[in-house]
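Have a look at the structure below before the remarks.
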Amino acid sequence: MDAPEFRTIIEPFRIHSVEPLRMTTPEQRRAAVRSAGYNLFQVHAQDVIVDLLTDSGTGAMSRDQWAALQHGDESYAGSPSYFIFRDAVRELFPFEHVIPTHQGRAAERILFSVLGGAGKVVPNNTHFDTTRANVEYTGALALDLVCGAALDAISTYAFKGDMDLEALEALLQERGDDVPLVMMTITNNSGGGQPVSLANLHAVRDICDRHGKPLFLDACRFAENAWFIREYEPGHADREVPDIVREIAGLADGMTMSAKKDPMGNIGGWLAMDDDDLARRCRDLLVLTEGFPTYGGLAGRDLEALAQGLREVVHHDYLRYRIRSTAYLGESLRDAGIPVVTPIGGHAVYIDARAMLPGIPPLQYPGQSLAVALYEAGGVRTCEIGTAMFGRQPDGSEVPAARDLVRLAIPRRTYTQSHMDYVIEACRHVAAHADRLTGYRIVEEPPTLRHFTAVFEPVA
Ligand SMILES: *Cc1c(COP(=O)(O)O)cnc(C)c1O
């Protein structure tokens, strides 16, 4: 008998330790979200059934990662755990200096404190929200130059995270002196989790070379991005993912990283670069708020768990399952007539709430309305990425964001296909009753990153 080709791509692991979910009723959830000011960041996690708020730090560690924790060495200086971590990073990203931080945003704060400042401009395909906030905090301008296909809902181009090369070239010609570095976010989280092609990365490198600018990666989802290159970019189908990752790293001068994403950690991050002088200035800031350079903001045991996570995330069986299971959720929603951003990204599915709820104007936050409805209906927690998150401008005015999306982010190795089938049912239920949803207004908000703490109220 020939070896059969099975269609079902199963989770390439079995469950070793379980966490109970607390089942709740719609009445309980309506009460919980009301007392949270209709802000899902303020809902207690105990009151959530399937938590798709973020894939950041919410993944399940493997048996071998838990074992690595036991191997952690908590020496203040020169811990062997640091060198294990550094070497695991360099196996994929062979940068001279590897500086651990407690999260990605700490790496960003340090890098932009050194390179940013008033009058500077930092281009990126799309800045993630903490990246933008850290650039702007120094007085610099955070510029998004993602390619045109990214905003074209109909386009099926596979690499919608690509940089708009002409716009980058024009920026560097006009304001080159003001640009301290070029950033590339792989995959493009705020844009829809869409990958960047290797060809585009090479082209960006060429532009940076011509203008003498360093290129830094925001590499949070580098393994998912490399898998998309292997699957969809001609000429790479036979390559090993670590080999593709090393090619990407070789195009850059450094990176910022959140280890809560592809490195499979519950906490952690790093900053890496080749430039000795820049590294020295970054380490000077590191000791001020993060810690000594061989632990940054982390315990020795965390460094070891991350080293092991880096070895696991580039495994093809894992990535095949990861990308396929995200696509399964996205395709099922699309087949149910729910508008989703396509092609489906790596870590999340994005519902176009503005298209799904045409009766709710952007300044009444259709994404917030949909996210609250999904929570009330099924205890499914998602995240608005739209006008509630981005609408407030530095000058105090409020304008609709480019899109009103709701992100269903999928924690790594945490939920099974039946959890996803339940989420699909909850989405279908809300879609069937979409005409009953109302908009929201904000009654209280902080000066920055308002989506975390704003208080909402339904519009009567
Ligand atoms: C999560 C994330 C960050 C910030 O990392 P934290 O660990 O949450 O501070 C930066 N960039 C991107 C693309 C991210 O997804």
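Ligands are numbered from 1 in the order shown, chains are lettered A, B, ... in the order of the structure tokens, and residues start at 1 in each chain.
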
Subject >> Distance filter 10 Å around ligand 1, atoms: only C-alpha atoms and all ligand atoms, out as a VMD selection string >> reply: chain A and resid 54 to 57 101 to 109 126 to 132 184 to 191 193 217 to 222 256 to 262 265 to 270 347

The selected residues should be written to file as an mmCIF file, in the first residue's frame (atoms: C-alpha atoms).
data_model
loop_
_atom_site.group_PDB
_atom_site.id
_atom_site.type_symbol
_atom_site.label_atom_id
_atom_site.label_comp_id
_atom_site.auth_asym_id
_atom_site.auth_seq_id
_atom_site.Cartn_x
_atom_site.Cartn_y
_atom_site.Cartn_z
ATOM 1 C CA THR A 54 -2.980 38.841 21.515
ATOM 2 C CA ASP A 55 -0.428 36.198 20.603
ATOM 3 C CA SER A 56 2.121 38.044 22.726
ATOM 4 C CA GLY A 57 3.488 36.020 25.619
ATOM 5 C CA THR A 101 15.661 43.285 27.418
ATOM 6 C CA HIS A 102 12.470 42.520 29.316
ATOM 7 C CA GLN A 103 10.276 43.053 26.228
ATOM 8 C CA GLY A 104 10.455 44.353 22.693
ATOM 9 C CA ARG A 105 9.407 47.846 23.687
ATOM 10 C CA ALA A 106 12.412 48.175 26.011
ATOM 11 C CA ALA A 107 14.675 47.416 23.051
ATOM 12 C CA GLU A 108 12.785 50.051 21.067
ATOM 13 C CA ARG A 109 13.045 52.651 23.807
ATOM 14 C CA THR A 126 4.193 49.838 9.321
ATOM 15 C CA HIS A 127 5.232 50.797 12.844
ATOM 16 C CA PHE A 128 3.753 48.618 15.529
ATOM 17 C CA ASP A 129 1.984 50.738 18.183
ATOM 18 C CA THR A 130 4.781 50.566 20.782
ATOM 19 C CA THR A 131 7.380 51.241 18.074
ATOM 20 C CA ARG A 132 5.487 54.311 16.927
ATOM 21 C CA MET A 184 11.270 46.689 8.526
ATOM 22 C CA THR A 185 8.647 44.835 10.548
ATOM 23 C CA ILE A 186 8.442 41.118 9.736
ATOM 24 C CA THR A 187 5.681 40.095 9.605
ATOM 25 C CA ASN A 188 3.786 43.374 9.412
ATOM 26 C CA ASN A 189 1.681 43.097 12.577
ATOM 27 C CA SER A 190 -0.349 46.311 12.359
ATOM 28 C CA GLY A 191 -0.886 45.772 8.638
ATOM 29 C CA GLY A 193 0.287 40.012 9.963
ATOM 30 C CA LEU A 217 14.458 44.547 11.621
ATOM 31 C CA ASP A 218 11.519 44.492 14.000
ATOM 32 C CA ALA A 219 11.710 40.708 13.746
ATOM 33 C CA CYS A 220 8.972 39.548 16.163
ATOM 34 C CA ARG A 221 7.494 37.016 13.708
ATOM 35 C CA PHE A 222 10.576 36.173 11.671
ATOM 36 C CA THR A 256 14.677 44.839 17.883
ATOM 37 C CA MET A 257 12.792 41.825 19.121
ATOM 38 C CA SER A 258 9.918 40.785 21.318
ATOM 39 C CA ALA A 259 10.604 37.262 22.568
ATOM 40 C CA LYS A 260 6.893 36.973 23.436
ATOM 41 C CA LYS A 261 6.130 36.187 19.793
ATOM 42 C CA ASP A 262 8.040 33.667 17.681
ATOM 43 C CA GLY A 265 8.495 33.020 25.527
ATOM 44 C CA ASN A 266 6.036 34.376 28.057
ATOM 45 C CA ILE A 267 8.355 37.363 28.552
ATOM 46 C CA GLY A 268 11.532 38.729 27.006
ATOM 47 C CA GLY A 269 13.096 40.629 24.148
ATOM 48 C CA TRP A 270 16.397 41.772 22.766
ATOM 49 C CA HIS A 347 -0.480 34.980 13.631
#

**OP:** Enumerate as a count of residues only all residues of stretch 373-437 of chain A assigned to strand (DSSP E) by DSSP on the backbone, naming them with the chain letters and numbers the document uses.
**Re:** 10

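Look at A:Arg403: the protein and nucleic acid residues within 10 Å of it, using only C-alpha atoms and passing over chain neighbours fewer than 3 places away, are Leu151, Gly191, Asp352, Ala353, Arg354, Ala355, Pro362, Gly367, Ile385, Gly386, Thr387, Phe390, Pro400 and Val406 of chain A.
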
Write a file of the selected residues as a PDB file, in the first residue's frame, keeping N, CA, C and O atoms.
ATOM      1  N   LEU A 151      -3.211  48.086   1.209  1.00  0.00           N
ATOM      2  CA  LEU A 151      -4.508  48.691   1.521  1.00  0.00           C
ATOM      3  C   LEU A 151      -5.574  48.307   0.500  1.00  0.00           C
ATOM      4  O   LEU A 151      -6.716  48.738   0.589  1.00  0.00           O
ATOM      5  N   GLY A 191      -0.307  45.804   9.972  1.00  0.00           N
ATOM      6  CA  GLY A 191      -0.886  45.772   8.638  1.00  0.00           C
ATOM      7  C   GLY A 191      -1.751  44.551   8.388  1.00  0.00           C
ATOM      8  O   GLY A 191      -2.408  44.459   7.359  1.00  0.00           O
ATOM      9  N   ASP A 352     -12.760  42.823   8.903  1.00  0.00           N
ATOM     10  CA  ASP A 352     -12.987  44.219   8.512  1.00  0.00           C
ATOM     11  C   ASP A 352     -14.324  44.667   9.103  1.00  0.00           C
ATOM     12  O   ASP A 352     -15.387  44.452   8.519  1.00  0.00           O
ATOM     13  N   ALA A 353     -14.262  45.275  10.277  1.00  0.00           N
ATOM     14  CA  ALA A 353     -15.492  45.639  11.000  1.00  0.00           C
ATOM     15  C   ALA A 353     -16.246  46.761  10.292  1.00  0.00           C
ATOM     16  O   ALA A 353     -17.468  46.823  10.343  1.00  0.00           O
ATOM     17  N   ARG A 354     -15.504  47.639   9.619  1.00  0.00           N
ATOM     18  CA  ARG A 354     -16.180  48.744   8.923  1.00  0.00           C
ATOM     19  C   ARG A 354     -17.053  48.190   7.798  1.00  0.00           C
ATOM     20  O   ARG A 354     -18.168  48.663   7.566  1.00  0.00           O
ATOM     21  N   ALA A 355     -16.549  47.171   7.113  1.00  0.00           N
ATOM     22  CA  ALA A 355     -17.330  46.552   6.040  1.00  0.00           C
ATOM     23  C   ALA A 355     -18.469  45.707   6.610  1.00  0.00           C
ATOM     24  O   ALA A 355     -19.553  45.634   6.034  1.00  0.00           O
ATOM     25  N   PRO A 362     -17.207  55.306  11.493  1.00  0.00           N
ATOM     26  CA  PRO A 362     -15.898  55.039  12.099  1.00  0.00           C
ATOM     27  C   PRO A 362     -15.701  55.731  13.449  1.00  0.00           C
ATOM     28  O   PRO A 362     -15.095  55.151  14.348  1.00  0.00           O
ATOM     29  N   GLY A 367     -15.188  48.618  15.123  1.00  0.00           N
ATOM     30  CA  GLY A 367     -14.345  47.521  15.597  1.00  0.00           C
ATOM     31  C   GLY A 367     -14.601  47.228  17.068  1.00  0.00           C
ATOM     32  O   GLY A 367     -14.670  46.061  17.493  1.00  0.00           O
ATOM     33  N   ILE A 385      -8.459  47.049  16.233  1.00  0.00           N
ATOM     34  CA  ILE A 385      -7.303  47.742  15.656  1.00  0.00           C
ATOM     35  C   ILE A 385      -7.889  48.707  14.641  1.00  0.00           C
ATOM     36  O   ILE A 385      -8.124  48.356  13.498  1.00  0.00           O
ATOM     37  N   GLY A 386      -8.203  49.891  15.108  1.00  0.00           N
ATOM     38  CA  GLY A 386      -8.877  50.833  14.225  1.00  0.00           C
ATOM     39  C   GLY A 386      -8.926  52.192  14.880  1.00  0.00           C
ATOM     40  O   GLY A 386      -7.955  52.629  15.496  1.00  0.00           O
ATOM     41  N   THR A 387     -10.093  52.827  14.771  1.00  0.00           N
ATOM     42  CA  THR A 387     -10.200  54.219  15.203  1.00  0.00           C
ATOM     43  C   THR A 387     -10.076  54.365  16.720  1.00  0.00           C
ATOM     44  O   THR A 387      -9.531  55.364  17.197  1.00  0.00           O
ATOM     45  N   PHE A 390      -6.201  54.135  17.002  1.00  0.00           N
ATOM     46  CA  PHE A 390      -5.339  55.095  16.298  1.00  0.00           C
ATOM     47  C   PHE A 390      -5.985  56.450  15.992  1.00  0.00           C
ATOM     48  O   PHE A 390      -5.339  57.313  15.411  1.00  0.00           O
ATOM     49  N   PRO A 400     -10.992  59.174  11.583  1.00  0.00           N
ATOM     50  CA  PRO A 400     -11.080  57.726  11.387  1.00  0.00           C
ATOM     51  C   PRO A 400      -9.713  57.142  11.023  1.00  0.00           C
ATOM     52  O   PRO A 400      -8.952  57.755  10.273  1.00  0.00           O
ATOM     53  N   VAL A 406     -10.863  44.122  13.477  1.00  0.00           N
ATOM     54  CA  VAL A 406     -10.846  43.384  14.738  1.00  0.00           C
ATOM     55  C   VAL A 406      -9.892  42.216  14.540  1.00  0.00           C
ATOM     56  O   VAL A 406     -10.039  41.435  13.595  1.00  0.00           O
TER      57      VAL A 406
END

Interface rows for stretch 387-456 of chain A against stretch 36-43 of chain A: nearest pair, Å to one decimal, 6 Å, only C-alpha atoms, as JSON lines:
{"residue": "A:Phe452", "atom": "CA", "partner": "A:Phe41", "partner_atom": "CA", "distance": 5.8}
{"residue": "A:Val455", "atom": "CA", "partner": "A:Gly37", "partner_atom": "CA", "distance": 4.7}
{"residue": "A:Phe456", "atom": "CA", "partner": "A:Gly37", "partner_atom": "CA", "distance": 5.3}

**OP:** May I ask which of the residues A:Arg301, A:Arg86, A:Arg428, A:Arg239 is the closest one to A:Gln70, counting only C-alpha atoms?
**Re:** A:Arg301

Subject >> Surrounding residues of A:Thr138 excluding itself and chain neighbours under 6 positions, 10 Å, only C-alpha atoms, as a list in words >> reply: Arg109, Phe112, Ser113, Val114, Leu115, Gly116, Gly117, Ala118, Gly119 and Lys120 of chain A

**OP:** Would you please work out which residue, of A:Val372, A:Ala249, A:Ile9, A:Val50, is nearest to A:Thr438 when using only C-alpha atoms?
**Re:** A:Val372

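Those residues that approach A:Leu357 to within 12 Å, counting only C-alpha atoms, are Ile338, Pro339, Ile351, Gln364, Tyr365, Pro366, Gly367, Gln368, Ser369, Leu370, Ala371, Ala373, Asp404, Leu405, Val406, Val430, Ala431, Ala432, His433, Ala434, Asp435, Arg436, Leu437, Thr438 and Gly439 of chain A; same-chain residues fewer than 6 positions away are not listed.
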
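As for atom CA of A:Ile323 and atom CA of A:Trp66, they are spaced 24.4 Å apart.
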
Original post:
Neighbours of stretch 419-426 of chain A within 9 Å (only C-alpha atoms; same-chain residues fewer than 6 positions away dropped), as a PyMOL selection string?
Top reply: chain A and resi 50+325+328-329+332-333+336+374-375+377-380

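Considering the residues A:Asp302, A:Thr294, A:Glu376, A:Arg324 and counting only C-alpha atoms, A:Ser75 has its shortest atom-to-atom contact with A:Thr294.
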
Original post:
Counting only C-alpha atoms, what is within 6 Å of stretch 58-60 of chain A, bar same-chain residues fewer than 6 positions away, as a ChimeraX atom specification?
Top reply: /A:411-414

Original post:
What gap, in Å, lies between atom CA of A:Ile110 and atom CA of A:Cys282?
Top reply: 6.0 Å

Original post:
Pick the closest to A:Thr156 from A:Ile344, A:Met389, A:Ile49, A:Leu215: which is it, counting only C-alpha atoms?
Top reply: A:Ile344

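Nearest residue to A:Asn125 among A:Gln65, A:Pro195, A:Asp209, A:Ala88 is A:Pro195, counting only C-alpha atoms.
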